[in-house]
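Undergrad: One file: model-v1.csv (CSV, C-alpha atoms).
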```csv
chain,number,residue,atom,x,y,z
A,1,MET,CA,-26.7,28.4,14.1
A,2,ARG,CA,-24.4,31.0,12.6
A,3,LEU,CA,-26.1,34.2,11.4
A,4,TYR,CA,-24.0,36.4,9.2
A,5,TYR,CA,-24.7,40.1,8.7
A,6,ASP,CA,-23.4,43.3,7.4
A,7,SER,CA,-24.5,46.9,7.9
A,8,GLU,CA,-24.0,50.1,6.0
A,9,PHE,CA,-23.9,53.3,8.0
A,10,VAL,CA,-22.9,56.9,8.4
A,11,GLU,CA,-20.3,57.6,11.0
A,12,ASP,CA,-18.3,60.7,12.0
A,13,GLY,CA,-16.0,59.3,14.6
A,14,ARG,CA,-18.5,59.9,17.4
A,15,THR,CA,-21.8,58.5,16.2
A,16,ILE,CA,-22.9,55.6,13.9
A,17,GLU,CA,-26.2,56.0,12.0
A,18,LEU,CA,-27.6,52.8,10.4
A,19,LEU,CA,-28.6,53.0,6.7
A,20,SER,CA,-29.2,49.3,5.9
A,21,ILE,CA,-28.6,45.8,7.3
A,22,GLY,CA,-28.4,42.5,5.6
A,23,MET,CA,-28.5,39.1,7.3
A,24,VAL,CA,-28.2,35.5,6.1
A,25,ARG,CA,-28.3,32.3,8.2
A,26,GLU,CA,-26.3,29.3,7.5
A,27,ASP,CA,-29.5,27.5,6.4
A,28,GLY,CA,-30.0,30.2,3.7
A,29,ARG,CA,-32.8,32.3,5.2
A,30,GLU,CA,-32.2,36.0,4.5
A,31,LEU,CA,-33.2,39.4,5.7
A,32,TYR,CA,-32.5,42.8,4.1
A,33,LEU,CA,-33.8,46.1,5.5
A,34,ILE,CA,-33.2,49.7,4.8
A,35,VAL,CA,-33.9,52.5,7.3
A,36,GLY,CA,-36.5,54.7,5.6
A,37,ASP,CA,-37.3,57.4,8.2
A,38,ASP,CA,-33.8,58.7,9.2
A,39,HIS,CA,-33.6,61.4,6.5
A,40,GLY,CA,-30.8,63.2,8.3
A,41,ALA,CA,-28.6,60.1,8.0
A,42,VAL,CA,-29.4,59.7,4.3
A,43,ILE,CA,-28.6,63.4,3.6
A,44,ARG,CA,-25.2,63.0,5.3
A,45,ALA,CA,-24.6,59.8,3.2
A,46,VAL,CA,-25.4,61.4,-0.1
A,47,ASN,CA,-23.2,64.4,0.7
A,48,ASN,CA,-20.3,62.2,1.7
A,49,GLU,CA,-18.3,61.4,-1.5
A,50,TRP,CA,-17.2,57.9,-0.5
A,51,LEU,CA,-20.6,56.8,0.7
A,52,ARG,CA,-22.3,58.3,-2.3
A,53,ASP,CA,-20.0,56.5,-4.7
A,54,ASN,CA,-19.9,53.2,-2.9
A,55,VAL,CA,-23.0,52.7,-0.7
A,56,VAL,CA,-25.8,55.0,-1.8
A,57,LYS,CA,-25.6,53.7,-5.3
A,58,HIS,CA,-27.0,50.3,-4.0
A,59,LEU,CA,-30.0,51.9,-2.2
A,60,PRO,CA,-33.4,52.7,-3.9
A,61,ILE,CA,-32.4,56.4,-4.0
A,62,ASN,CA,-32.2,59.0,-6.7
A,63,VAL,CA,-29.5,61.6,-6.1
A,64,HIS,CA,-29.5,65.1,-7.6
A,65,ASP,CA,-26.6,67.6,-7.4
A,66,HIS,CA,-27.1,71.3,-7.0
A,67,GLY,CA,-24.6,74.0,-7.6
A,68,ALA,CA,-21.0,73.2,-8.5
A,69,PRO,CA,-18.5,71.1,-6.6
A,70,GLY,CA,-16.2,73.2,-4.4
A,71,ARG,CA,-18.5,76.2,-4.4
A,72,ARG,CA,-20.2,77.6,-1.3
A,73,GLY,CA,-23.6,76.1,-0.8
A,74,TYR,CA,-22.9,73.0,-3.0
A,75,ARG,CA,-25.0,70.0,-1.9
A,76,TRP,CA,-26.6,66.8,-3.2
A,77,ASP,CA,-30.3,66.2,-2.7
A,78,TRP,CA,-32.1,62.8,-2.9
A,79,GLU,CA,-35.5,61.1,-3.1
A,80,TRP,CA,-36.7,57.5,-2.7
A,81,GLU,CA,-37.1,55.6,-6.0
A,82,PRO,CA,-40.3,53.5,-5.6
A,83,ARG,CA,-39.6,51.6,-8.8
A,84,HIS,CA,-36.3,50.3,-7.6
A,85,PRO,CA,-36.5,46.5,-6.8
A,86,ASP,CA,-35.2,47.1,-3.3
A,87,PHE,CA,-37.7,49.7,-2.3
A,88,LYS,CA,-39.8,47.0,-0.7
A,89,HIS,CA,-37.1,46.7,1.9
A,90,VAL,CA,-37.4,50.3,3.1
A,91,HIS,CA,-39.0,50.5,6.5
A,92,SER,CA,-39.1,52.7,9.6
A,93,ARG,CA,-36.3,52.3,12.1
A,94,ILE,CA,-38.8,50.8,14.6
A,95,LYS,CA,-39.9,48.2,12.1
A,96,VAL,CA,-36.2,47.5,11.2
A,97,ARG,CA,-35.4,47.0,14.9
A,98,ASN,CA,-38.4,44.7,15.4
A,99,ARG,CA,-37.7,42.5,12.3
A,100,VAL,CA,-34.0,42.2,13.2
A,101,ARG,CA,-34.9,41.1,16.7
A,102,LYS,CA,-37.5,38.5,15.4
A,103,PHE,CA,-35.0,37.2,12.8
A,104,VAL,CA,-32.3,36.8,15.4
A,105,ALA,CA,-34.6,35.4,18.1
A,106,GLU,CA,-36.0,32.8,15.7
A,107,THR,CA,-32.5,31.5,14.9
A,108,PRO,CA,-31.7,28.5,17.1
A,109,ASP,CA,-28.5,28.7,19.2
A,110,VAL,CA,-27.7,31.8,17.3
A,111,GLN,CA,-24.1,33.1,16.8
A,112,LEU,CA,-23.6,36.4,15.1
A,113,TRP,CA,-20.8,36.7,12.6
A,114,ALA,CA,-19.6,39.6,10.4
A,115,ASP,CA,-16.5,40.4,8.5
A,116,TYR,CA,-14.5,43.2,10.2
A,117,SER,CA,-17.3,43.2,12.7
A,118,ALA,CA,-16.6,46.0,15.2
A,119,TYR,CA,-18.7,48.7,13.7
A,120,ASP,CA,-21.3,46.3,12.5
A,121,HIS,CA,-21.9,45.2,16.0
A,122,VAL,CA,-22.4,48.7,17.3
A,123,ALA,CA,-24.8,49.6,14.4
A,124,TYR,CA,-26.8,46.4,15.2
A,125,ALA,CA,-26.8,46.8,19.0
A,126,GLN,CA,-27.8,50.5,18.8
A,127,LEU,CA,-31.0,49.6,17.1
A,128,PHE,CA,-32.1,48.7,20.6
A,129,GLY,CA,-30.7,51.7,22.4
A,130,ARG,CA,-28.0,51.5,25.1
A,131,MET,CA,-25.9,48.4,25.7
A,132,ILE,CA,-28.0,47.5,28.8
A,133,GLU,CA,-31.2,47.7,26.6
A,134,LEU,CA,-30.1,44.9,24.3
A,135,PRO,CA,-32.8,42.2,24.4
A,136,ALA,CA,-31.9,39.0,26.2
A,137,ASP,CA,-32.5,37.0,22.9
A,138,CYS,CA,-30.0,39.1,21.0
A,139,PRO,CA,-26.3,38.2,21.4
A,140,MET,CA,-24.0,40.7,23.0
A,141,ASP,CA,-21.1,39.9,20.8
A,142,THR,CA,-20.4,39.3,17.1
A,143,MET,CA,-17.7,36.9,15.9
A,144,ASN,CA,-15.2,38.3,13.4
A,145,VAL,CA,-14.7,36.4,10.2
A,146,HIS,CA,-11.5,38.4,9.4
A,147,GLN,CA,-10.1,37.3,12.8
A,148,GLU,CA,-10.5,33.7,11.8
A,149,GLN,CA,-8.7,34.5,8.5
A,150,LEU,CA,-5.8,35.9,10.6
A,151,ARG,CA,-5.8,32.9,13.0
A,152,LEU,CA,-5.5,30.5,10.1
A,153,GLY,CA,-2.9,32.6,8.3
A,154,VAL,CA,-4.9,32.5,5.0
A,155,PRO,CA,-3.7,35.3,2.7
A,156,ASP,CA,-6.1,37.6,1.0
A,157,HIS,CA,-5.1,36.5,-2.5
A,158,GLU,CA,-6.1,32.9,-1.6
A,159,LEU,CA,-9.6,34.0,-0.6
A,160,ASN,CA,-10.0,36.4,-3.4
A,161,ALA,CA,-9.1,33.7,-6.0
A,162,ALA,CA,-12.0,31.6,-4.7
A,163,LEU,CA,-14.4,34.5,-3.8
A,164,PRO,CA,-13.8,37.3,-6.3
A,165,LEU,CA,-15.4,40.6,-5.4
A,166,ASN,CA,-18.0,42.1,-7.7
A,167,GLY,CA,-19.9,45.3,-8.2
A,168,GLN,CA,-22.2,44.6,-5.2
A,169,VAL,CA,-19.5,45.3,-2.6
A,170,HIS,CA,-20.9,47.7,0.0
A,171,SER,CA,-24.4,46.4,-0.4
A,172,ALA,CA,-25.4,45.1,3.0
A,173,ALA,CA,-27.2,42.1,1.6
A,174,TRP,CA,-24.3,41.1,-0.7
A,175,ASP,CA,-21.7,41.7,2.0
A,176,ALA,CA,-23.6,39.5,4.5
A,177,ALA,CA,-23.7,36.7,1.9
A,178,ASN,CA,-20.0,37.2,1.1
A,179,ALA,CA,-19.1,37.0,4.8
A,180,LYS,CA,-20.9,33.6,5.0
A,181,ASP,CA,-19.1,32.3,1.9
A,182,LYS,CA,-15.8,33.6,3.2
A,183,HIS,CA,-16.2,31.9,6.6
A,184,GLU,CA,-17.4,28.6,5.1
A,185,LEU,CA,-14.3,28.6,2.9
A,186,LEU,CA,-12.1,29.3,5.9
A,187,MET,CA,-13.7,26.4,7.8
A,188,HIS,CA,-13.1,24.1,4.7
A,189,ILE,CA,-9.5,25.2,4.6
A,190,GLU,CA,-9.1,24.4,8.3
A,191,ARG,CA,-10.7,20.9,7.9
A,192,LYS,CA,-8.4,20.1,5.0
A,193,ARG,CA,-5.4,21.0,7.1
A,194,PHE,CA,-6.4,18.6,9.9
A,195,HIS,CA,-7.7,15.8,7.7
A,196,GLY,CA,-5.9,12.5,8.6
A,197,THR,CA,-4.1,14.0,11.6
A,198,GLY,CA,-6.5,12.8,14.2
A,199,ILE,CA,-6.7,16.3,15.6
A,200,GLU,CA,-10.0,18.1,15.7
A,201,PRO,CA,-9.9,21.6,14.3
A,202,TYR,CA,-10.9,24.4,16.6
A,203,SER,CA,-14.6,25.1,16.8
A,204,TRP,CA,-16.5,28.1,18.1
A,205,GLU,CA,-19.4,25.8,18.8
A,206,ASN,CA,-17.3,23.8,21.3
A,207,ARG,CA,-15.4,26.7,22.9
```
Show me this structure written as structure tokens.
TA:
Amino acid sequence: MRLYYDSEFVEDGRTIELLSIGMVREDGRELYLIVGDDHGAVIRAVNNEWLRDNVVKHLPINVHDHGAPGRRGYRWDWEWEPRHPDFKHVHSRIKVRNRVRKFVAETPDVQLWADYSAYDHVAYAQLFGRMIELPADCPMDTMNVHQEQLRLGVPDHELNAALPLNGQVHSAAWDAANAKDKHELLMHIERKRFHGTGIEPYSWENR
């Protein structure tokens, strides 16, 4: 069974620190988790302009600015917002790791999929530590939805017309669901191309 996921994280070119992860199986079961005890990662996120404007706004966080932009000592502070509807998804990193492992392990014949999956796979895998510490019931690779788009030669505008983006972009839960919708649309396009030809379209399940 295909399991689609997305992660939001802080990275500096050397390290990747997970902020949130969203997962959705092809049967519709979902999981959304936010790492609640890595305050250093959140501080770095709220003080990164792009992450603050695009990722942090989806998290159950109140952001406060201090000082003036461009001045020495300028910084942004934050606090959890318990009244936010997604606050119930905030857990310790250990609980996030355990719930991700359980969700993956309970998925029969699991295949992991993500859109532009390289960094997502690292963020997911590092929940468990080093590469050699990845549990046996957690896949060591993640299929790339975007690579399927390139293989089929489907232009962005064709996908965007059917799956328009909305204000939830860069929310791990929404992006995971969008990866699922995008891949299912690509598989539909491929089946239509081969319909009536007698040729079976390529399938990862039969590779």
Undergrad: I'd like to know which of A:Val154, A:Val122, A:Ala105, A:Leu163 is closest to Asp137 (chain A), using all atoms listed in the file.
TA: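 Closest candidate: A:Ala105.
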Undergrad: Between A:Arg2, A:Arg75, A:His188, A:His170, which has the minimum distance to Glu49 (chain A) (counting all atoms listed in the file)?
TA: A:Arg75
Undergrad: From the list A:Val96, A:Leu134, A:Ile61, A:Ala41, which residue is nearest Pro82 (chain A) when using all atoms listed in the file?
TA: A:Ile61
Undergrad: CA of Tyr116 (chain A) to CA of Val145 (chain A): how many Å, to one decimal?
TA: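 Between CA of Tyr116 (chain A) and CA of Val145 (chain A) the gap is 6.8 Å.
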Undergrad: Give me, as a list in words, all polymer residues having an atom no more than 12 Å from Glu158 (chain A), counting only C-alpha atoms and skipping those fewer than 3 positions away in the same chain.
TA: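 The residues satisfying every condition are Gln149, Leu152, Gly153, Val154, Pro155, Ala161, Ala162, Leu163, Pro164, Lys182, Leu185, Leu186 and Ile189 of chain A.
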Undergrad: Per residue of region 114-200 of chain A within 6 Å of region 14-33 of chain A, record the nearest atom pair and its distance in Å to one decimal, counting all atoms listed in the file, with rows in chain order and ascending residue number, as a Markdown table.
TA:
```
| residue | atom | partner | partner_atom | distance |
| --- | --- | --- | --- | --- |
| A:Ala123 | CA | A:Leu18 | CA | 5.8 |
| A:Ala172 | CA | A:Gly22 | CA | 4.7 |
| A:Ala173 | CA | A:Gly22 | CA | 4.2 |
| A:Ala176 | CA | A:Met23 | CA | 5.7 |
```
Undergrad: May I have the residues from that selection written out with C-alpha atoms, as a compact mmCIF listing (two decimals), in the coordinates of the input?
TA:
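Final file, out33.txt:
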```
# COMPACT_ATOMS: atom_id res chain seq x y z
CA ALA A 123 -24.80 49.60 14.40
CA ALA A 172 -25.40 45.10 3.00
CA ALA A 173 -27.20 42.10 1.60
CA ALA A 176 -23.60 39.50 4.50
```
Undergrad: So what do you get for CA of Val169 (chain A) versus CA of Ala45 (chain A), distance-wise?
TA: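 Interatomic distance, CA of Val169 (chain A) to CA of Ala45 (chain A): 16.4 Å.
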Undergrad: For a quick check of understanding, using only C-alpha atoms, which of A:Asp86, A:Asp77, A:Glu11, A:Asp120 has the smallest distance to His58 (chain A)?
TA: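 Closest candidate: A:Asp86.
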Undergrad: Work out how far CA of Leu127 (chain A) is from CA of Leu112 (chain A), in Å to one decimal.
TA: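 CA of Leu127 (chain A) lies 15.3 Å from CA of Leu112 (chain A).
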Undergrad: For Val56 (chain A), please output as a ChimeraX atom specification all residues within 7 Å (counting only C-alpha atoms; exclusion window: fewer than 4 positions along the same chain).
TA: /A:46,51-52
Undergrad: Write the residues of the selection above to a file with C-alpha atoms, as a CSV table (one decimal), in the frame of the given file.
TA:
```
chain,number,residue,atom,x,y,z
A,46,VAL,CA,-25.4,61.4,-0.1
A,51,LEU,CA,-20.6,56.8,0.7
A,52,ARG,CA,-22.3,58.3,-2.3
```
Undergrad: Of the residues A:Met143, A:Val42, A:Met131, A:Val55, which is the one nearest to Trp113 (chain A), using only C-alpha atoms?
TA: A:Met143
Undergrad: Pick out the residues sitting within 8 Å of Asp37 (chain A), and hand them over as a ChimeraX atom specification; count all atoms listed in the file, and ignore anything fewer than 4 positions along from it in its own chain.
TA: /A:91-93
